[in-house]
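Here's the structure we're looking at; comments come further down.
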Amino acid sequence: MHTDHFSLAGKSIIVTGAAQGIGRAIAQLALDLGATVTAVDLNAPSLQAFADEAGRHRLLPMAGSVAEPDFATEVVAKAVQTFGAVHGLVNNAGIVRPAMIEKMSKEAWQQVIDVHLSGSFFFLQAVGCHVLSRVRAGDKVAGAIVNISSDAGRKGTVGQINYSAAKAGLLGLTMSAAREWARYGLRVNTVGFGVVETPMTETIRGEKFRDTYLAQIPLGRWAEPHEAAHPVCFLLSDAASYVTGQHLSANGGFTIGL
């Protein structure tokens, strides 16, 4: 096996939600594997600090909301201007607005759908259009898109029907795009996580819920952010050149049998 198939050298990758947690870990690993990265997040100061640390010649910070329909096109255009092309996308940006169904406001529902589902579509569409235009012009290097889903999208979760619905929607988004774009060599997959040690999961990992959740995870522990980054970068790499339309669960065995 040629280990250089796992390299991302020469690839330009966009990562949304890249200022902290899983997104930061994915962006950092992509850099470590040789990629240039366009890091997208609402948190401009954290993005700037990341860029200063990584080097502006390798990391382009783009602050803004993925829920804004035109922002994705702007990001892709800037990435192409800076790095020459875009070869990969990780749709990772996310928020939580928890509430039980009967108490969930329309605003809480819509905000989560806008970021997770609509935002992922906007970026998938913008990157896909760029890649297809390159391929149609004769470029032999297509690319890969990884949408970050969740166990919540497969099993549901109490108090987060908005989040579960959005993450389930990402599975359909992935399968449709994979079918449409396979003939161009553009691969589209999802990775679904369980509980990763990030600020977004502090409540679940707290004393009230900790034992209940851990009892359902055969590996018996939470995932660390770097463990979430590895399967994503694998799917972005040439090592996954024959993998598309698939959902990879990286959750310690939480959904064994599903």
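We name chains A, B, ... following the order of the structure tokens; residues begin at 1 in each chain, and ligands are numbered from 1 as shown.
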>> Give me, as a PyMOL selection string, all polymer residues having an atom no more than 12 Å from segment 128-134 of chain A, counting only C-alpha atoms and skipping those fewer than 3 positions away in the same chain.
In response: chain A and resi 12+72-77+79-80+84-89+120-125+137-146+177-178+180-188
>> For the alpha helix (DSSP H) assignment from backbone DSSP, which residues of segment 27-201 of chain A qualify? Please present them as a count of residues only.
In response: 80
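When only C-alpha atoms are used to compute distances to Gly172 of chain A, the closest of the residues A:Ser241, A:Asn189, A:Thr157, A:Ser65 turns out to be A:Asn189.
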> Leu248 of chain A: which residues within 12 Å, counting only C-alpha atoms, same-chain residues fewer than 5 positions away excluded, as a PyMOL selection string?
Replying inline: chain A and resi 146-151+154+171+174+188-194+228+230-232+234-235+243+253+255-256+258
> Restricting the calculation to only C-alpha atoms, which member of A:Ala67, A:Cys233, A:Val40, A:Ala99 is positioned closest to Ile161 of chain A?
Replying inline: A:Ala99
> Got a sec to tell me which of segment 19-48 of chain A DSSP assigns to strand (DSSP E or B), as a list in words?
Replying inline: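 Filtering segment 19-48 of chain A down to strand (DSSP E or B) leaves Thr36, Val37, Thr38, Ala39, Val40 and Asp41 of chain A.
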>> Just the number, please: distance in Å from atom CA of Pro98 of chain A to atom CA of Ala44 of chain A, one decimal.
In response: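 Rounded to one decimal, the two atoms are 25.1 Å apart.
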> Neighbours of Ala54 of chain A within 12 Å (only C-alpha atoms; same-chain residues fewer than 6 positions away dropped), as a ChimeraX atom specification?
Replying inline: /A:24,27-32,34-39,47-48,60-61
Output file for the selection above: N, CA and C atoms, as a short mmCIF file (atom, residue, chain, number, x, y, z; two decimals), in the first residue's frame:
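Output (part.cif):
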```cif
data_model
loop_
_atom_site.label_atom_id
_atom_site.label_comp_id
_atom_site.auth_asym_id
_atom_site.auth_seq_id
_atom_site.Cartn_x
_atom_site.Cartn_y
_atom_site.Cartn_z
N ARG A 24 -12.02 22.51 14.00
CA ARG A 24 -10.62 22.92 14.18
C ARG A 24 -9.70 21.71 14.04
N ALA A 27 -9.50 20.72 10.32
CA ALA A 27 -8.69 21.68 9.58
C ALA A 27 -7.21 21.51 9.89
N GLN A 28 -6.90 21.29 11.17
CA GLN A 28 -5.50 21.13 11.55
C GLN A 28 -4.90 19.85 10.97
N LEU A 29 -5.66 18.76 11.00
CA LEU A 29 -5.15 17.51 10.43
C LEU A 29 -4.98 17.65 8.92
N ALA A 30 -5.90 18.32 8.25
CA ALA A 30 -5.75 18.54 6.82
C ALA A 30 -4.47 19.32 6.52
N LEU A 31 -4.18 20.32 7.32
CA LEU A 31 -2.93 21.06 7.18
C LEU A 31 -1.73 20.15 7.40
N ASP A 32 -1.81 19.33 8.45
CA ASP A 32 -0.71 18.42 8.76
C ASP A 32 -0.47 17.42 7.63
N GLY A 34 -0.83 18.12 4.52
CA GLY A 34 -0.31 18.81 3.36
C GLY A 34 -1.27 19.70 2.60
N ALA A 35 -2.52 19.78 3.03
CA ALA A 35 -3.51 20.59 2.31
C ALA A 35 -3.36 22.07 2.63
N THR A 36 -3.93 22.89 1.78
CA THR A 36 -4.23 24.27 2.14
C THR A 36 -5.69 24.30 2.55
N VAL A 37 -6.04 25.16 3.50
CA VAL A 37 -7.37 25.13 4.10
C VAL A 37 -8.00 26.51 4.10
N THR A 38 -9.25 26.57 3.68
CA THR A 38 -10.08 27.75 3.87
C THR A 38 -10.98 27.47 5.06
N ALA A 39 -10.74 28.19 6.14
CA ALA A 39 -11.44 27.95 7.40
C ALA A 39 -12.60 28.94 7.55
N LEU A 47 -10.69 32.55 14.23
CA LEU A 47 -10.19 32.23 12.90
C LEU A 47 -8.85 32.92 12.63
N GLN A 48 -8.79 34.19 13.02
CA GLN A 48 -7.57 34.96 12.80
C GLN A 48 -6.40 34.35 13.58
N LEU A 60 -6.64 30.19 4.92
CA LEU A 60 -7.41 31.39 4.60
C LEU A 60 -8.61 31.48 5.53
N PRO A 61 -8.70 32.48 6.42
CA PRO A 61 -9.85 32.61 7.30
C PRO A 61 -10.98 33.37 6.61
#
```
Near Asn92 of chain A, within 8 Å and counting only C-alpha atoms, which residues show up once chain neighbours fewer than 6 positions away are dropped, as a CSV table (one decimal) with C-alpha atoms, in the first residue's frame?
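Saved the output as out.csv:
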```csv
chain,number,residue,atom,x,y,z
A,15,VAL,CA,-13.9,23.4,6.4
A,16,THR,CA,-16.9,25.1,7.9
A,17,GLY,CA,-17.2,25.6,11.7
A,18,ALA,CA,-13.4,25.5,11.8
A,22,ILE,CA,-14.2,19.0,15.6
A,23,GLY,CA,-13.9,21.6,12.8
A,147,ASN,CA,-21.0,16.1,5.4
A,148,ILE,CA,-20.9,15.8,9.1
```
> Could you state the separation of atom CA of Gly156 of chain A and atom CA of Arg179 of chain A in Å, given to one decimal place?
Replying inline: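 Separating atom CA of Gly156 of chain A from atom CA of Arg179 of chain A is a distance of 25.7 Å.
Of the listed residues (A:Leu59, A:Ala9, A:Ala49, A:Ala240), A:Ala9 comes nearest to Leu33 of chain A; the distances count only C-alpha atoms.
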Do you know which residues are at most 10 Å from Glu68 of chain A counting only C-alpha atoms, after dropping those on the same chain fewer than 4 positions away, and could you put them as a PDB file with N, CA and C atoms, in the first residue's frame?
```
ATOM      1  N   GLY A  64     -18.108  34.385   8.654  1.00  0.00           N
ATOM      2  CA  GLY A  64     -19.460  34.623   8.179  1.00  0.00           C
ATOM      3  C   GLY A  64     -20.372  33.466   8.533  1.00  0.00           C
ATOM      4  N   ALA A  72     -21.477  31.120   0.638  1.00  0.00           N
ATOM      5  CA  ALA A  72     -20.740  29.965   0.121  1.00  0.00           C
ATOM      6  C   ALA A  72     -20.058  30.288  -1.201  1.00  0.00           C
ATOM      7  N   ASP A 114     -31.485  26.015   9.263  1.00  0.00           N
ATOM      8  CA  ASP A 114     -30.764  26.944   8.387  1.00  0.00           C
ATOM      9  C   ASP A 114     -29.263  26.668   8.397  1.00  0.00           C
ATOM     10  N   VAL A 115     -28.694  26.433   9.569  1.00  0.00           N
ATOM     11  CA  VAL A 115     -27.247  26.235   9.671  1.00  0.00           C
ATOM     12  C   VAL A 115     -26.853  24.844   9.191  1.00  0.00           C
ATOM     13  N   SER A 118     -29.590  23.775   5.389  1.00  0.00           N
ATOM     14  CA  SER A 118     -29.493  24.740   4.285  1.00  0.00           C
ATOM     15  C   SER A 118     -28.044  25.187   4.084  1.00  0.00           C
ATOM     16  N   GLY A 119     -27.329  25.454   5.177  1.00  0.00           N
ATOM     17  CA  GLY A 119     -25.938  25.871   5.059  1.00  0.00           C
ATOM     18  C   GLY A 119     -25.091  24.823   4.366  1.00  0.00           C
ATOM     19  N   PHE A 122     -25.897  24.929   0.639  1.00  0.00           N
ATOM     20  CA  PHE A 122     -25.302  26.078  -0.055  1.00  0.00           C
ATOM     21  C   PHE A 122     -23.827  25.815  -0.369  1.00  0.00           C
TER      22      PHE A 122
END
```
> Suppose you want the space between atom CA of Gly21 of chain A and atom CA of Val96 of chain A; what is it in Å?
Replying inline: 14.1 Å
